[in-house]
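Quick notes on the structure that follows.
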Amino acid sequence: MTVYKAKKAAGKIGLYVLVLVVVLPVLFPLYFVFISSLKNMSQVYIMPPQLFGFTPIWDHYKYIFETQHYDAYMVNSAVVAFASTAISLILGVPASYSIARFHMRKTSTSILVARLLPSISFLLPYYFLFSKLKMIDTYSVLILSHIVLSLPLIVWIMSSFIADIPKELDEAAIVDGCTRQRCFWNVILPVSLPGLVTCATLSFLGSWNNFQFALILSGEKTRTLPVSLQYFVSGADIRWGRMLAATIVVIVPAIILTMALQKYIIKGMTAGAVKG
Amino acid sequence: MSKFIDRHIKWVFAAPALVFMMAMIVLPIGATFAFSLTEWNLLSGAGPRFNFGQNYAKILASSEFWASCGITFWYTFLATILETVLGLAIALILNCEFRGKQLAKTAILLPYMMAPVAVGLMWMLFYEPSSGIMNFIFKSVGLPPSTFTSAQDTVIPAIATVEVWQMTPMVVIVCLAGLSSLPNDPIEAAHVDGANSIQVFFRVILPMMMPTLFSIALLRFIDIFKSFDLIYAMTKGGPANASRTLNLYAYETAFSYYKFGESSAILTLVFLIVLVISIVIINMKKRWEEKV
């Protein structure tokens, strides 16, 4: 009996070691980046690194907000992310309802294909068209382009989410004299709240993290956070402290959202990948 | 009027999204294809002029295109295989019962939710050849220092490592969902018959997981194939074009040399490759769903 117990305990310890082997390579780099953003240039390069007990300096954060207008970039990123998510939900959720309830196979397949296409293959015409319309470096063009990314994502997740809601709910409402519109608004939307949270989170982060569209379609007035990061690199010379502080500013909202909404995010990722 | 809406409600619901996608995706792709048939250099000031297949002939004959093609596939295969294998392994560990499981899952998810540009730049700090932490770790465990992103032969594995660090969570999450939906009976039966854990994994779990693994690997393949942010942030395609994938090649042709016609032709080719892979995925999925 004791042998069995010992074996079980050993298995348990072995499991925790394995978990540590998996989690440490994820968390240590993040911790390392954070502490490096609180050191000056010469300290960053001291190996072995001092992991605790150094005096943190907040100069880099002060610098990027006071001299580099990071507050403005944050506002830009937030405006674009909120607006594109909101519009994508308005366009995408009713379409998802149609796809889920009326089995619009072709529509759903075409949207799925859109999700898989490389975004650069429509970027050149955007650049051409929007520079002709003098819309480069405006919020509207950034919002418009980010909807192109979030709309397929939302339809993808929501149509599989709504398909899982029992049809009897709709049927009961319709028997009671509801129109489809009322049924969608009063019955389906309230039950789909978890799905909506999932979509909104993933779409918000997708826009917040987007680099390629903003690189080409934004300018000085509408520069978003990810685009601003590359300006710390000039040739081989990288201003590490400032850049790492900026990196932290970019990733902290993603970290907070992930910790708060982990369940919803996981649901969205599996819906998108497994059911499609 | 309201009767009309009621009767065609499914199109009323779907139309806004469809019209938007039409205008913002289908038309631009058509435009890219039209551009690809023209001689068009923004620097020369002249507008686009039709030259039919000349761009394609030029690109398909250039060694730069084929080099870039090779780099793209090498990067894509390397990262996809690593992500799939690692993702399944991590999912198997996280599938066990232990305290702090939710915390471990959240930790694993973090890199996936971060901006690829930010991830790429922070890894450039670790990869710093003379005083970065990676080479410090290499030295501590007795490995020779690596050149990482600063040499032609190590740049692709170095970037692929970062891609794997960031995107494996996607595979882990999907594999965990797959594992939890597996029927328990065959696994228990195998254990009862005296099979050890390794045999159970290779003979019972792995075959049952194959469809899930297959579809997530193909999805990752496409995402990695078209990835841009990470490579652009880390090397901009260098050193000496050793990490210039097709996406970066097209970007450079358009926005560094302003050859819009040629760039459009490259984009059309990339689009066709991705389209073919997508159609293959969707068909496989359909066949798999019909079987189930």
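Following the order of the structure tokens, first chain is A, next is B, and so on, with residues numbered from 1 inside each chain and ligands from 1 in the order they appear.
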- Determine which residues of range 78-225 of chain A receive a DSSP assignment of helix (DSSP H, G or I), computed from the backbone, and state them as a ChimeraX atom specification. /A:78-102,105-116,119-132,139-163,167-175,180-191,193-209,212-217,225
Need the shell around range 98-105 of chain A: protein/DNA/RNA residues with any atom at most 7 Å away, counting only C-alpha atoms. Skip same-chain ones fewer than 5 positions apart. Format as an mmCIF file with C-alpha atoms, in the first residue's frame?
```
data_model
loop_
_atom_site.group_PDB
_atom_site.id
_atom_site.type_symbol
_atom_site.label_atom_id
_atom_site.label_comp_id
_atom_site.auth_asym_id
_atom_site.auth_seq_id
_atom_site.Cartn_x
_atom_site.Cartn_y
_atom_site.Cartn_z
ATOM 1 C CA SER A 159 -22.794 31.152 -36.382
ATOM 2 C CA SER A 160 -21.474 28.067 -34.624
ATOM 3 C CA ILE A 162 -26.105 30.243 -32.452
ATOM 4 C CA ALA A 163 -26.357 26.841 -34.153
ATOM 5 C CA LYS B 10 -32.613 35.711 -44.007
ATOM 6 C CA PHE B 13 -29.998 39.808 -41.959
ATOM 7 C CA ALA B 14 -27.152 38.594 -44.118
#
```
- Task: Name the residues in contact with Leu38 in chain A at a cut-off of 7 Å, using only C-alpha atoms, excluding same-chain residues fewer than 4 positions from it; report them as number ranges by chain.
- Result: A: 34, 56-58
Got time to write the residues from that selection, C-alpha atoms, as a compact mmCIF listing (two decimals), in the first residue's frame?
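again_0.txt, freshly written:
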```
# COMPACT_ATOMS: atom_id res chain seq x y z
CA PHE A 34 9.06 43.88 -17.54
CA PRO A 56 13.40 50.33 -10.54
CA ILE A 57 13.56 53.48 -12.64
CA TRP A 58 10.37 54.67 -14.32
```
- May I have all residues of range 4-147 of chain B that DSSP, computed from the backbone, assigns to strand (DSSP E), given as number ranges by chain? B: 38-39, 49-50
Env of Met269 in chain A: 12 Å cut, atoms = only C-alpha atoms, seq-sep filter 3 positions within chain, self excluded. Answer as a PDB file with C-alpha atoms, in the first residue's frame.
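Everything below was put into selection.pdb:
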```
ATOM      1  CA  LEU A 153     -14.027  36.090 -37.242  1.00  0.00           C
ATOM      2  CA  ILE A 154     -17.313  37.132 -35.668  1.00  0.00           C
ATOM      3  CA  TRP A 156     -17.300  32.256 -37.826  1.00  0.00           C
ATOM      4  CA  ILE A 157     -17.669  32.125 -34.056  1.00  0.00           C
ATOM      5  CA  MET A 158     -21.243  33.401 -33.738  1.00  0.00           C
ATOM      6  CA  SER A 160     -21.474  28.067 -34.624  1.00  0.00           C
ATOM      7  CA  PHE A 161     -22.552  29.510 -31.276  1.00  0.00           C
ATOM      8  CA  GLY A 195     -20.826  34.266 -27.472  1.00  0.00           C
ATOM      9  CA  THR A 198     -16.135  35.991 -26.859  1.00  0.00           C
ATOM     10  CA  CYS A 199     -16.407  37.659 -30.259  1.00  0.00           C
ATOM     11  CA  THR A 201     -12.903  40.243 -26.953  1.00  0.00           C
ATOM     12  CA  LEU A 202     -11.172  38.490 -29.832  1.00  0.00           C
ATOM     13  CA  SER A 203     -12.157  41.191 -32.305  1.00  0.00           C
ATOM     14  CA  GLN A 262      -9.924  33.367 -20.310  1.00  0.00           C
ATOM     15  CA  LYS A 263     -13.022  31.129 -20.471  1.00  0.00           C
ATOM     16  CA  TYR A 264     -14.652  33.153 -23.246  1.00  0.00           C
ATOM     17  CA  ILE A 265     -11.460  33.407 -25.264  1.00  0.00           C
ATOM     18  CA  ILE A 266     -10.925  29.651 -25.141  1.00  0.00           C
ATOM     19  CA  GLY A 272     -13.265  28.928 -34.754  1.00  0.00           C
ATOM     20  CA  ALA A 273     -10.870  26.057 -35.173  1.00  0.00           C
ATOM     21  CA  VAL A 274     -12.869  22.901 -34.633  1.00  0.00           C
ATOM     22  CA  LYS A 275     -16.308  23.641 -35.990  1.00  0.00           C
ATOM     23  CA  GLY A 276     -15.548  26.286 -38.559  1.00  0.00           C
TER      24      GLY A 276
ATOM     25  CA  LEU B 109      -2.680  31.767 -23.394  1.00  0.00           C
ATOM     26  CA  TYR B 112      -1.153  34.208 -28.094  1.00  0.00           C
ATOM     27  CA  MET B 113      -3.108  37.325 -27.186  1.00  0.00           C
ATOM     28  CA  MET B 167       1.147  30.599 -31.410  1.00  0.00           C
ATOM     29  CA  PRO B 169      -1.345  28.074 -27.353  1.00  0.00           C
ATOM     30  CA  MET B 170      -3.825  27.963 -30.233  1.00  0.00           C
ATOM     31  CA  VAL B 171      -2.931  24.304 -30.857  1.00  0.00           C
ATOM     32  CA  VAL B 172      -2.963  23.534 -27.114  1.00  0.00           C
ATOM     33  CA  ILE B 173      -6.475  24.931 -26.666  1.00  0.00           C
ATOM     34  CA  VAL B 174      -7.860  23.075 -29.672  1.00  0.00           C
ATOM     35  CA  CYS B 175      -6.150  19.816 -28.635  1.00  0.00           C
ATOM     36  CA  LEU B 176      -7.519  20.171 -25.093  1.00  0.00           C
ATOM     37  CA  ALA B 177     -11.031  20.521 -26.529  1.00  0.00           C
ATOM     38  CA  ILE B 216      -5.520  22.545 -36.626  1.00  0.00           C
ATOM     39  CA  LEU B 219      -5.121  26.081 -40.146  1.00  0.00           C
TER      40      LEU B 219
END
```
- Message: I'd like the contact shell of Pro125 in chain A - 7 Å cut-off, only C-alpha atoms, skipping same-chain residues fewer than 2 positions apart - returned as a list in words.
- Response: Phe122, Leu123, Tyr127, Phe128 and Leu129 of chain A; Pro28, Ala31 and Thr32 of chain B
Only C-alpha atoms, please: the residues just picked out, written as a compact mmCIF listing (two decimals), in the first residue's frame.
```txt
# COMPACT_ATOMS: atom_id res chain seq x y z
CA PHE A 122 -6.33 43.41 -50.62
CA LEU A 123 -3.98 45.95 -49.10
CA TYR A 127 -3.78 51.95 -50.43
CA PHE A 128 -4.44 53.03 -54.00
CA LEU A 129 -8.13 53.82 -53.48
CA PRO B 28 -10.03 44.54 -54.06
CA ALA B 31 -8.40 44.93 -58.54
CA THR B 32 -5.14 43.30 -57.44
```
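Within 8 Å of range 155-159 of chain B, once only C-alpha atoms are used and residues closer than 5 positions along the same chain are dropped, the contacting residues are Ile71, Tyr75, Leu78, Phe148, Thr149, Ser150, Leu230, Ile231, Met234, Pro239, Ala242 and Ser243 of chain B.
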Dump C-alpha atoms for the selected residues as an mmCIF file, in the first residue's frame?
```
data_model
loop_
_atom_site.group_PDB
_atom_site.id
_atom_site.type_symbol
_atom_site.label_atom_id
_atom_site.label_comp_id
_atom_site.auth_asym_id
_atom_site.auth_seq_id
_atom_site.Cartn_x
_atom_site.Cartn_y
_atom_site.Cartn_z
ATOM 1 C CA ILE B 71 12.060 30.428 -47.502
ATOM 2 C CA TYR B 75 9.575 28.604 -42.364
ATOM 3 C CA LEU B 78 9.194 24.115 -39.578
ATOM 4 C CA PHE B 148 20.174 33.846 -34.145
ATOM 5 C CA THR B 149 18.668 36.541 -36.372
ATOM 6 C CA SER B 150 21.982 38.059 -37.425
ATOM 7 C CA LEU B 230 6.642 38.990 -36.689
ATOM 8 C CA ILE B 231 9.197 38.737 -39.485
ATOM 9 C CA MET B 234 12.394 41.198 -36.249
ATOM 10 C CA PRO B 239 20.005 39.456 -43.286
ATOM 11 C CA ALA B 242 17.400 35.235 -45.851
ATOM 12 C CA SER B 243 14.046 35.684 -44.094
#
```
- Message: Report as a PyMOL selection string all protein, DNA and RNA residues lying within 9 Å of Leu116 in chain A, evaluated on only C-alpha atoms, omitting residues in the same chain fewer than 5 positions from it.
- Response: (chain A and resi 111) or (chain B and resi 219+222-223+274-275+278)
